[in-house]
Amino acid sequence: MDYDVLVIGAGPGGYHAAIRAAQLGLKTAVAEMGAVGGVCLNVGCIPTKALLHAGEQMAESKHAREFGLTFNETKLDVSKLNSWKEGIVKRLTGGVSSLLKGNKVTVVTGEAKFIDANTVQVGDQKVTAKNIIIATGSEPATLPTFPIDQKDIVDSTGALVVPDPIPGRVLCIGGGVIGFEFAHVYNNLGSKVKVIEFAPQVIPGADADATKEFVKAIKKQGIEIEVRTKANSFEKKEDGLHVEIESVETGAKRTEVFDRVLVAVGRRPRSRGMNLENVGVKISDRGFIEVNDKLQTSVPHIYAIGDVAGNPMLAHKAMKEGLVAAEVIAGKKSAMDVVAIPGVVYTSPEFAWVGLTEQEAKDKGYKVKTGVFPFAASGRAMTLQSTDGFVKMVSDAETDLLLGVHIVGPHASDMLGEASLGLEMAATVSDIALTIHAHPTLGEAVLEAAEHVHRQAIHIS
Ligand code: FAD
């Protein structure tokens, strides 16, 4: 065999797996047909955050008037914005290439296809390996009536290239995490944005109260949001894209005109076209490769991690699974045994959650007690001009066990670390309430939400 481990795909899951395998003394190669870093670094997590930051700076330049700071006209050089964003991507993907090289991981360029259970054709090269980790990720789901041309009708990859001039009216089909991040970017850059969602709630699966709080804050910024709504078709005319929009409840149809349509209706796993069926790797009806808690597929020496191995399709879940798969191959006692995987919408305010929603906790039979602390009562939030949102804590009334934390607010993603650690360590609400949090910080809102579970918060009743 050429290698102990061959990883297919060098996204966050794949490169974590490859580096950990090499660290554990295994001879490792990665096959990559696109760019090292995968979706996350090239067309996902990182470039979106760069655009979100740029948009927020534009919005903040207006908010500064409140404390007497005024600028001459705020102007955006779109080509500089796009190249700045690309520069960050380049730095990070270059960093991953160096890490792979530094750990003596061989990168084989080309599309990988299985020949047999230990042999993979990568471009024009045949590679054999004792163990194979599939980390091929996912791609945007499409709508047949809105074919992507990356100009008028874009997917998330097309939306990352900001056009000049900024489109006047943008329709975002899909009110999930990706849809809202782009809605926020384009709204801050000056577009009039509408988000439509088929389901009764945007950010499906998130806590209902927290989602309402999030929607309230986002609507205040001028983004229109309609649920139980779908886009049927469009016609390109001189004055723009005439989109037929339909109410799912009443069936009422209308036409609205936009300059750009973003299709953000989810992602599908990239499990096809690798001859997996021929080597006996089982794929679910939804296209995910089926794995056990050690990330082994139905063929025990073939593993699958990241987006291709199931929901949630998130980089940090892919990274963790990459480490686990490599450790299992190296003979370590490792398994994917996590209490909760955090989720974040990186808008402003951010929306971040970990653990059970109130409804999920009730459905599991817990006697639920919640605590809420609004950022409107936080001194730190006031100094940051960011008082929208709250921290909501979900707990078990009988044992005081922390079950979930849902934050809409400034830097919610960074505050979530405390909640994730709490859940993993089986913390009680009292553990958080008894911990001194620095003052003045946003984290005090987490402390006060915990105190509020016991109806003992100082700054709210
Ligand atoms: P991927 O990153 O998809 O990488 C798979 C790699 O495999 C690719 O490089 C591909 O070229 C390669 N490949 C595929 N098939 C083959 C083959 N047959 N042969 C060789 N190579 C192959 N997640 C977060 O956690 N936080 C965020 O903020 C976030 N923001 C996002 C924003 C956007 C716009 C998008 C689209 C996604 C975002 N995600 C985010 C999701 C995140 O990008 C994915 O969950 C993550 O990239 C999955 O990692 P992966 O390793 O499973 O696969």
# chains A, B, ... in the order shown; residues from 1 in each chain; ligands from 1
>>> residues_around(residues="Arg20 (chain A)", least_positions_apart="5", cutoff="12 Å", atoms="only C-alpha atoms", output="JSON, numbers by chain")
{"A": [5, 7, 13, 14, 15, 25, 26, 27, 28, 29, 99, 100, 103, 104, 105, 319, 320, 321, 322, 323, 324, 325, 326, 327, 328, 329, 330, 332]}
>>> write_last_selection(atoms="N, CA and C atoms", output="JSON list (two decimals), in the first residue's frame")
[["chain", "number", "residue", "atom", "x", "y", "z"],
["A", 5, "VAL", "N", -3.13, 6.14, 5.25],
["A", 5, "VAL", "CA", -4.41, 6.85, 5.16],
["A", 5, "VAL", "C", -4.45, 7.71, 3.89],
["A", 7, "VAL", "N", -6.99, 10.62, 2.47],
["A", 7, "VAL", "CA", -8.17, 11.43, 2.75],
["A", 7, "VAL", "C", -8.64, 12.00, 1.41],
["A", 13, "GLY", "N", -12.80, 19.31, 7.28],
["A", 13, "GLY", "CA", -12.81, 17.94, 7.79],
["A", 13, "GLY", "C", -11.57, 17.20, 7.32],
["A", 14, "GLY", "N", -11.32, 17.26, 6.01],
["A", 14, "GLY", "CA", -10.21, 16.52, 5.41],
["A", 14, "GLY", "C", -8.85, 16.96, 5.92],
["A", 15, "TYR", "N", -8.61, 18.27, 6.01],
["A", 15, "TYR", "CA", -7.26, 18.66, 6.41],
["A", 15, "TYR", "C", -7.02, 18.41, 7.90],
["A", 25, "GLY", "N", 1.67, 9.53, 13.38],
["A", 25, "GLY", "CA", 2.69, 8.67, 12.78],
["A", 25, "GLY", "C", 2.22, 7.88, 11.58],
["A", 26, "LEU", "N", 1.06, 8.22, 11.02],
["A", 26, "LEU", "CA", 0.56, 7.48, 9.86],
["A", 26, "LEU", "C", 1.00, 8.15, 8.56],
["A", 27, "LYS", "N", 1.39, 7.34, 7.58],
["A", 27, "LYS", "CA", 1.79, 7.88, 6.28],
["A", 27, "LYS", "C", 0.49, 8.30, 5.54],
["A", 28, "THR", "N", 0.40, 9.61, 5.27],
["A", 28, "THR", "CA", -0.92, 10.16, 4.87],
["A", 28, "THR", "C", -0.85, 10.96, 3.57],
["A", 29, "ALA", "N", -1.91, 10.81, 2.76],
["A", 29, "ALA", "CA", -2.06, 11.65, 1.56],
["A", 29, "ALA", "C", -3.47, 12.23, 1.53],
["A", 99, "LEU", "N", 0.70, 23.88, 6.43],
["A", 99, "LEU", "CA", 0.52, 22.93, 7.55],
["A", 99, "LEU", "C", 0.58, 21.50, 7.04],
["A", 100, "LEU", "N", -0.05, 21.24, 5.88],
["A", 100, "LEU", "CA", -0.03, 19.89, 5.31],
["A", 100, "LEU", "C", 1.41, 19.49, 4.98],
["A", 103, "ASN", "N", 3.56, 18.84, 8.01],
["A", 103, "ASN", "CA", 3.27, 17.56, 8.65],
["A", 103, "ASN", "C", 3.55, 16.37, 7.73],
["A", 104, "LYS", "N", 4.19, 16.67, 6.58],
["A", 104, "LYS", "CA", 4.58, 15.64, 5.60],
["A", 104, "LYS", "C", 3.37, 14.87, 5.03],
["A", 105, "VAL", "N", 2.28, 15.60, 4.83],
["A", 105, "VAL", "CA", 1.11, 15.02, 4.16],
["A", 105, "VAL", "C", 1.26, 15.28, 2.67],
["A", 319, "MET", "N", -14.46, 19.33, 11.37],
["A", 319, "MET", "CA", -13.12, 19.30, 11.96],
["A", 319, "MET", "C", -13.03, 18.24, 13.06],
["A", 320, "LYS", "N", -14.03, 18.24, 13.93],
["A", 320, "LYS", "CA", -14.04, 17.28, 15.05],
["A", 320, "LYS", "C", -14.08, 15.85, 14.51],
["A", 321, "GLU", "N", -14.94, 15.63, 13.50],
["A", 321, "GLU", "CA", -15.04, 14.28, 12.94],
["A", 321, "GLU", "C", -13.73, 13.87, 12.27],
["A", 322, "GLY", "N", -13.04, 14.83, 11.67],
["A", 322, "GLY", "CA", -11.74, 14.55, 11.05],
["A", 322, "GLY", "C", -10.75, 14.03, 12.08],
["A", 323, "LEU", "N", -10.72, 14.69, 13.23],
["A", 323, "LEU", "CA", -9.80, 14.27, 14.29],
["A", 323, "LEU", "C", -10.16, 12.88, 14.79],
["A", 324, "VAL", "N", -11.47, 12.66, 14.99],
["A", 324, "VAL", "CA", -11.91, 11.36, 15.52],
["A", 324, "VAL", "C", -11.55, 10.24, 14.54],
["A", 325, "ALA", "N", -11.84, 10.42, 13.26],
["A", 325, "ALA", "CA", -11.55, 9.36, 12.27],
["A", 325, "ALA", "C", -10.07, 9.02, 12.27],
["A", 326, "ALA", "N", -9.21, 10.05, 12.29],
["A", 326, "ALA", "CA", -7.76, 9.80, 12.27],
["A", 326, "ALA", "C", -7.34, 9.06, 13.54],
["A", 327, "GLU", "N", -7.90, 9.45, 14.67],
["A", 327, "GLU", "CA", -7.52, 8.81, 15.94],
["A", 327, "GLU", "C", -7.98, 7.35, 15.99],
["A", 328, "VAL", "N", -9.18, 7.09, 15.46],
["A", 328, "VAL", "CA", -9.67, 5.71, 15.42],
["A", 328, "VAL", "C", -8.73, 4.86, 14.56],
["A", 329, "ILE", "N", -8.34, 5.40, 13.40],
["A", 329, "ILE", "CA", -7.43, 4.65, 12.51],
["A", 329, "ILE", "C", -6.10, 4.37, 13.22],
["A", 330, "ALA", "N", -5.64, 5.33, 14.02],
["A", 330, "ALA", "CA", -4.36, 5.17, 14.73],
["A", 330, "ALA", "C", -4.51, 4.25, 15.95],
["A", 332, "LYS", "N", -6.54, 4.74, 18.58],
["A", 332, "LYS", "CA", -6.90, 5.44, 19.83],
["A", 332, "LYS", "C", -8.36, 5.13, 20.18]]
>>> residues_around(residues="Trp353 (chain A)", least_positions_apart="2", cutoff="6 Å", atoms="only C-alpha atoms", output="list of chain:residue names")
A:Pro342, A:Gly343, A:Val405, A:His406
>>> select_by_dssp(residues="region 123-252 of chain A", states="strand (DSSP E or B)", output="number ranges by chain")
A: 125-134, 138-140, 153-154, 169-173, 192-196, 224-226, 229-237, 240-247
>>> closest_residue(among="A:Gly379, A:Pro312, A:Gly287, A:Pro147", to="ligand 1", atoms="only C-alpha atoms and all ligand atoms")
A:Pro312
>>> select_by_dssp(residues="region 235-286 of chain A", states="helix (DSSP H, G or I)", output="MDAnalysis selection string")
chainID A and resid 276:279
>>> closest_residue(among="A:Leu421, A:Val120, A:Met274, A:Ile407", to="ligand 1", atoms="only C-alpha atoms and all ligand atoms")
A:Met274
>>> closest_atom_pairs(of="region 374-431 of chain A", to="region 61-85 of chain A", cutoff="12 Å", atoms="only C-alpha atoms", output="tab-separated table")
residue	atom	partner	partner_atom	distance
A:Met382	CA	A:Phe67	CA	11.9
A:Thr383	CA	A:Phe67	CA	10.3
A:Leu384	CA	A:His63	CA	10.3
A:Gln385	CA	A:His63	CA	7.8
A:Ser386	CA	A:His63	CA	10.0
>>> closest_residue(among="A:Tyr3, A:Tyr303, A:Phe198, A:Phe114", to="ligand 1", atoms="only C-alpha atoms and all ligand atoms")
A:Phe114
>>> closest_residue(among="A:Asn188, A:Asn131, A:Ser233, A:Ser413", to="ligand 1", atoms="only C-alpha atoms and all ligand atoms")
A:Ser413
>>> atom_distance(atom1="CA of Ser395 (chain A)", atom2="CA of Ile460 (chain A)")
18.8 Å
>>> residues_around(residues="region 220-230 of chain A", least_positions_apart="6", cutoff="6 Å", atoms="only C-alpha atoms", output="MDAnalysis selection string")
chainID A and resid 193:200 245:248
>>> atom_distance(atom1="CA of Ala208 (chain A)", atom2="CA of Thr357 (chain A)")
7.9 Å
>>> closest_residue(among="A:Gly87, A:Pro349, A:Gly95, A:Gly355", to="Gly205 (chain A)", atoms="only C-alpha atoms")
A:Gly355
>>> residues_around(residues="region 416-418 of chain A", least_positions_apart="5", cutoff="12 Å", atoms="only C-alpha atoms", output="number ranges by chain")
A: 340-344, 350-355, 391-393, 402, 404-411, 423-425, 427, 429, 431-432, 435, 437, 442-447
>>> closest_residue(among="A:Glu358, A:Glu244, A:Asp164, A:Asp307", to="ligand 1", atoms="only C-alpha atoms and all ligand atoms")
A:Asp307
>>> atom_distance(atom1="CA of Pro204 (chain A)", atom2="CA of Asp259 (chain A)")
26.8 Å
